[in-house]
Amino acid sequence: MKEKNLLQILRDSRYTVVLSGAGLMAESGYPLLRDGAESYDIEAKYGYSFEEIFNSGFYSARKELFFRFYKEVVLKAAEMPPGEGFCALKTLQDHGLVDSIVTRRIAGLEDRAGCRNVINLKGTIFDNTCPVCGRQYPVEYIRESKGVPLCEKCMVAIRPNVCLFGEMIDNGRMTRAAQEVEKADVLLVLGASLTSPLCSQMLQYYTGSNLILVKGITGTEQYSDQRADIVIEGRCDEFLRSLAAGCE
């Protein structure tokens, strides 16, 4: 389908919600720590898989190694800027073509690109709190601390407010995301399969008429693709740039 036709679908939409997946993130150069080639390097270096280390039980029992991994691997995301796809997504939102964005990624890329009404289901690395006094700490404090980052007042370990493996996603965030998807007549899925955790959680609330799947660089043909009304092969960032150019 031509981009101008898709652009018209967005213009005609009363409410458009984007589900932002790992594919769009990968196109910006971010490593896929759980599923990509980097997962082998992590296990070789730290002796545990990403899922084992980035786990609530591991955080509680082995904070030194958890924070070593967190600073050396996870926080590197904070040093990389959002890619062109996220910037194009902001352009679409600036032109009133995207109303809200839902993601499970924790690098805060949509927020840092200037997007609004972003629901980060699993939180972001930029939100860190003392579990005792509630004091907030910037990501720079976590990165620059020696060993386990401690609250300056309470001297207890600061908690990154991201959903670790073994934890439930915050119910308030889930409810808000479900309400957004319920309102949508257009749902634009970027770089996530329709069987991914993000889509599995959200599609049950969607009753609109245009489910658009843009597969991205990580996408492969799947049986679930047939659930989409429109399937776009190819990169998400190129697709978004083309739509954004049509807005000018």
# chains A, B, ... in the order shown; residues from 1 in each chain; ligands from 1

$ residues_around --residues "Tyr70 of chain A" --least-positions-apart "4" --cutoff "9 Å" --atoms "only C-alpha atoms" --output "ChimeraX atom specification"
/A:53-54,65-66,74-76,143

$ write_last_selection --atoms "N, CA and C atoms" --output "PDB file, in the first residue's frame"
ATOM      1  N   ILE A  53      20.172 -12.282  35.283  1.00  0.00           N
ATOM      2  CA  ILE A  53      20.708 -11.139  36.025  1.00  0.00           C
ATOM      3  C   ILE A  53      19.660 -10.060  36.211  1.00  0.00           C
ATOM      4  N   PHE A  54      18.909  -9.750  35.149  1.00  0.00           N
ATOM      5  CA  PHE A  54      17.949  -8.661  35.194  1.00  0.00           C
ATOM      6  C   PHE A  54      16.648  -9.181  35.798  1.00  0.00           C
ATOM      7  N   LEU A  65      26.870  -7.559  41.665  1.00  0.00           N
ATOM      8  CA  LEU A  65      26.942  -8.021  40.280  1.00  0.00           C
ATOM      9  C   LEU A  65      25.798  -7.431  39.450  1.00  0.00           C
ATOM     10  N   PHE A  66      24.626  -7.310  40.073  1.00  0.00           N
ATOM     11  CA  PHE A  66      23.501  -6.711  39.355  1.00  0.00           C
ATOM     12  C   PHE A  66      23.869  -5.316  38.874  1.00  0.00           C
ATOM     13  N   VAL A  74      23.188  -2.205  30.616  1.00  0.00           N
ATOM     14  CA  VAL A  74      21.861  -1.605  30.465  1.00  0.00           C
ATOM     15  C   VAL A  74      21.936  -0.088  30.310  1.00  0.00           C
ATOM     16  N   LEU A  75      22.748   0.568  31.121  1.00  0.00           N
ATOM     17  CA  LEU A  75      22.795   2.032  31.086  1.00  0.00           C
ATOM     18  C   LEU A  75      23.506   2.596  29.861  1.00  0.00           C
ATOM     19  N   LYS A  76      24.138   1.732  29.100  1.00  0.00           N
ATOM     20  CA  LYS A  76      24.707   2.214  27.842  1.00  0.00           C
ATOM     21  C   LYS A  76      23.610   2.759  26.926  1.00  0.00           C
ATOM     22  N   ARG A 143      25.021   5.710  37.337  1.00  0.00           N
ATOM     23  CA  ARG A 143      26.153   5.353  36.481  1.00  0.00           C
ATOM     24  C   ARG A 143      27.492   5.689  37.137  1.00  0.00           C
TER      25      ARG A 143
END

$ closest_atom_pairs --of "segment 31-51 of chain A" --to "segment 100-115 of chain A" --cutoff "12 Å" --atoms "only C-alpha atoms" --output "CSV"
residue,atom,partner,partner_atom,distance
A:Pro31,CA,A:Ala107,CA,11.3
A:Leu32,CA,A:Arg105,CA,10.5
A:Leu33,CA,A:Arg105,CA,11.4
A:Arg34,CA,A:Arg105,CA,11.9

$ atom_distance --atom1 "atom CA of Pro138 of chain A" --atom2 "atom CA of Leu89 of chain A"
25.8 Å

$ residues_around --residues "segment 42-47 of chain A" --least-positions-apart "2" --cutoff "9 Å" --atoms "only C-alpha atoms" --output "MDAnalysis selection string"
chainID A and resid 33 38:40 49:50 53 65 69 73

$ write_last_selection --atoms "all heavy atoms" --output "short mmCIF file (atom, residue, chain, number, x, y, z; two decimals), in the first residue's frame"
data_model
loop_
_atom_site.label_atom_id
_atom_site.label_comp_id
_atom_site.auth_asym_id
_atom_site.auth_seq_id
_atom_site.Cartn_x
_atom_site.Cartn_y
_atom_site.Cartn_z
N LEU A 33 19.35 -7.25 24.06
CA LEU A 33 20.13 -7.93 25.08
C LEU A 33 19.61 -9.33 25.41
O LEU A 33 20.38 -10.22 25.76
CB LEU A 33 20.16 -7.09 26.36
CG LEU A 33 20.75 -5.69 26.20
CD1 LEU A 33 20.67 -4.93 27.52
CD2 LEU A 33 22.20 -5.76 25.71
N GLU A 38 24.09 -10.35 21.36
CA GLU A 38 24.70 -9.85 22.59
C GLU A 38 24.42 -10.75 23.78
O GLU A 38 25.17 -10.75 24.77
CB GLU A 38 24.18 -8.44 22.90
CG GLU A 38 24.57 -7.38 21.88
CD GLU A 38 23.65 -7.39 20.65
OE1 GLU A 38 22.68 -8.18 20.63
OE2 GLU A 38 23.91 -6.62 19.72
N SER A 39 23.35 -11.54 23.71
CA SER A 39 23.00 -12.40 24.83
C SER A 39 24.10 -13.43 25.11
O SER A 39 24.35 -13.77 26.28
CB SER A 39 21.67 -13.12 24.56
OG SER A 39 21.77 -13.95 23.41
N TYR A 40 24.78 -13.89 24.07
CA TYR A 40 25.88 -14.84 24.27
C TYR A 40 27.07 -14.18 24.94
O TYR A 40 27.73 -14.77 25.80
CB TYR A 40 26.30 -15.44 22.92
CG TYR A 40 25.18 -16.19 22.22
CD1 TYR A 40 24.48 -15.61 21.16
CD2 TYR A 40 24.82 -17.47 22.63
CE1 TYR A 40 23.44 -16.29 20.53
CE2 TYR A 40 23.79 -18.17 22.00
CZ TYR A 40 23.11 -17.57 20.95
OH TYR A 40 22.09 -18.24 20.34
N SER A 49 22.71 -15.44 32.17
CA SER A 49 22.00 -14.85 31.04
C SER A 49 21.42 -13.50 31.44
O SER A 49 21.31 -13.17 32.64
CB SER A 49 20.87 -15.77 30.59
OG SER A 49 19.85 -15.81 31.58
N PHE A 50 21.04 -12.73 30.43
CA PHE A 50 20.40 -11.44 30.70
C PHE A 50 19.17 -11.61 31.59
O PHE A 50 18.96 -10.88 32.56
CB PHE A 50 20.01 -10.77 29.39
CG PHE A 50 19.19 -9.52 29.56
CD1 PHE A 50 19.77 -8.35 30.03
CD2 PHE A 50 17.83 -9.52 29.28
CE1 PHE A 50 19.02 -7.20 30.20
CE2 PHE A 50 17.07 -8.37 29.44
CZ PHE A 50 17.67 -7.21 29.91
N ILE A 53 20.17 -12.28 35.28
CA ILE A 53 20.71 -11.14 36.03
C ILE A 53 19.66 -10.06 36.21
O ILE A 53 19.51 -9.50 37.30
CB ILE A 53 21.94 -10.54 35.31
CG1 ILE A 53 23.04 -11.58 35.14
CG2 ILE A 53 22.48 -9.34 36.09
CD1 ILE A 53 24.26 -11.07 34.40
N LEU A 65 26.87 -7.56 41.67
CA LEU A 65 26.94 -8.02 40.28
C LEU A 65 25.80 -7.43 39.45
O LEU A 65 25.99 -7.08 38.27
CB LEU A 65 26.91 -9.55 40.22
CG LEU A 65 27.08 -10.16 38.82
CD1 LEU A 65 28.34 -9.64 38.12
CD2 LEU A 65 27.13 -11.69 38.91
N PHE A 69 26.55 -5.15 36.10
CA PHE A 69 25.92 -5.44 34.81
C PHE A 69 25.03 -4.27 34.36
O PHE A 69 25.05 -3.87 33.19
CB PHE A 69 25.09 -6.72 34.92
CG PHE A 69 24.19 -6.98 33.76
CD1 PHE A 69 24.69 -7.49 32.58
CD2 PHE A 69 22.82 -6.71 33.84
CE1 PHE A 69 23.86 -7.73 31.50
CE2 PHE A 69 21.99 -6.94 32.76
CZ PHE A 69 22.50 -7.44 31.59
N VAL A 73 26.10 -2.53 30.93
CA VAL A 73 25.32 -3.00 29.78
C VAL A 73 24.04 -2.19 29.60
O VAL A 73 23.83 -1.55 28.57
CB VAL A 73 24.99 -4.51 29.93
CG1 VAL A 73 24.13 -4.98 28.76
CG2 VAL A 73 26.27 -5.32 30.02
#

$ select_by_dssp --residues "segment 18-150 of chain A" --states "alpha helix (DSSP H)" --output "MDAnalysis selection string"
chainID A and resid 22:27 38:46 50:53 56:61 63:72 84:94 109:112 139:144

$ closest_residue --among "A:Ala178, A:Ala78, A:Phe239, A:Leu198" --to "Ile142 of chain A" --atoms "only C-alpha atoms"
A:Ala78

$ closest_residue --among "A:Ile125, A:Ile169, A:Glu233, A:Arg116" --to "Cys87 of chain A" --atoms "only C-alpha atoms"
A:Arg116

$ closest_residue --among "A:Pro81, A:Ser145, A:Gly29, A:Leu24" --to "Glu64 of chain A" --atoms "only C-alpha atoms"
A:Ser145

$ atom_distance --atom1 "atom CA of Ser193 of chain A" --atom2 "atom CA of Val118 of chain A"
20.0 Å

$ select_by_dssp --residues "segment 103-203 of chain A" --states "strand (DSSP E or B)" --output "list in words"
Thr103, Val118, Ile119, Asn120, Gly123, Thr124, Ile125, Phe126, Asp127, Asn128, Thr129, Gln136, Tyr137, Leu150, Ala157, Arg159, Pro160, Asn161, Val162, Phe165, Val186, Leu187, Leu188, Val189 and Leu190 of chain A

$ residues_around --residues "Met174 of chain A" --least-positions-apart "3" --cutoff "10 Å" --atoms "only C-alpha atoms" --output "NGL selection string"
:A and (102 or 119-122 or 169-171 or 177-180 or 201-202)

$ closest_residue --among "A:Cys133, A:Ala192, A:Leu92, A:Cys236" --to "Gly21 of chain A" --atoms "only C-alpha atoms"
A:Ala192
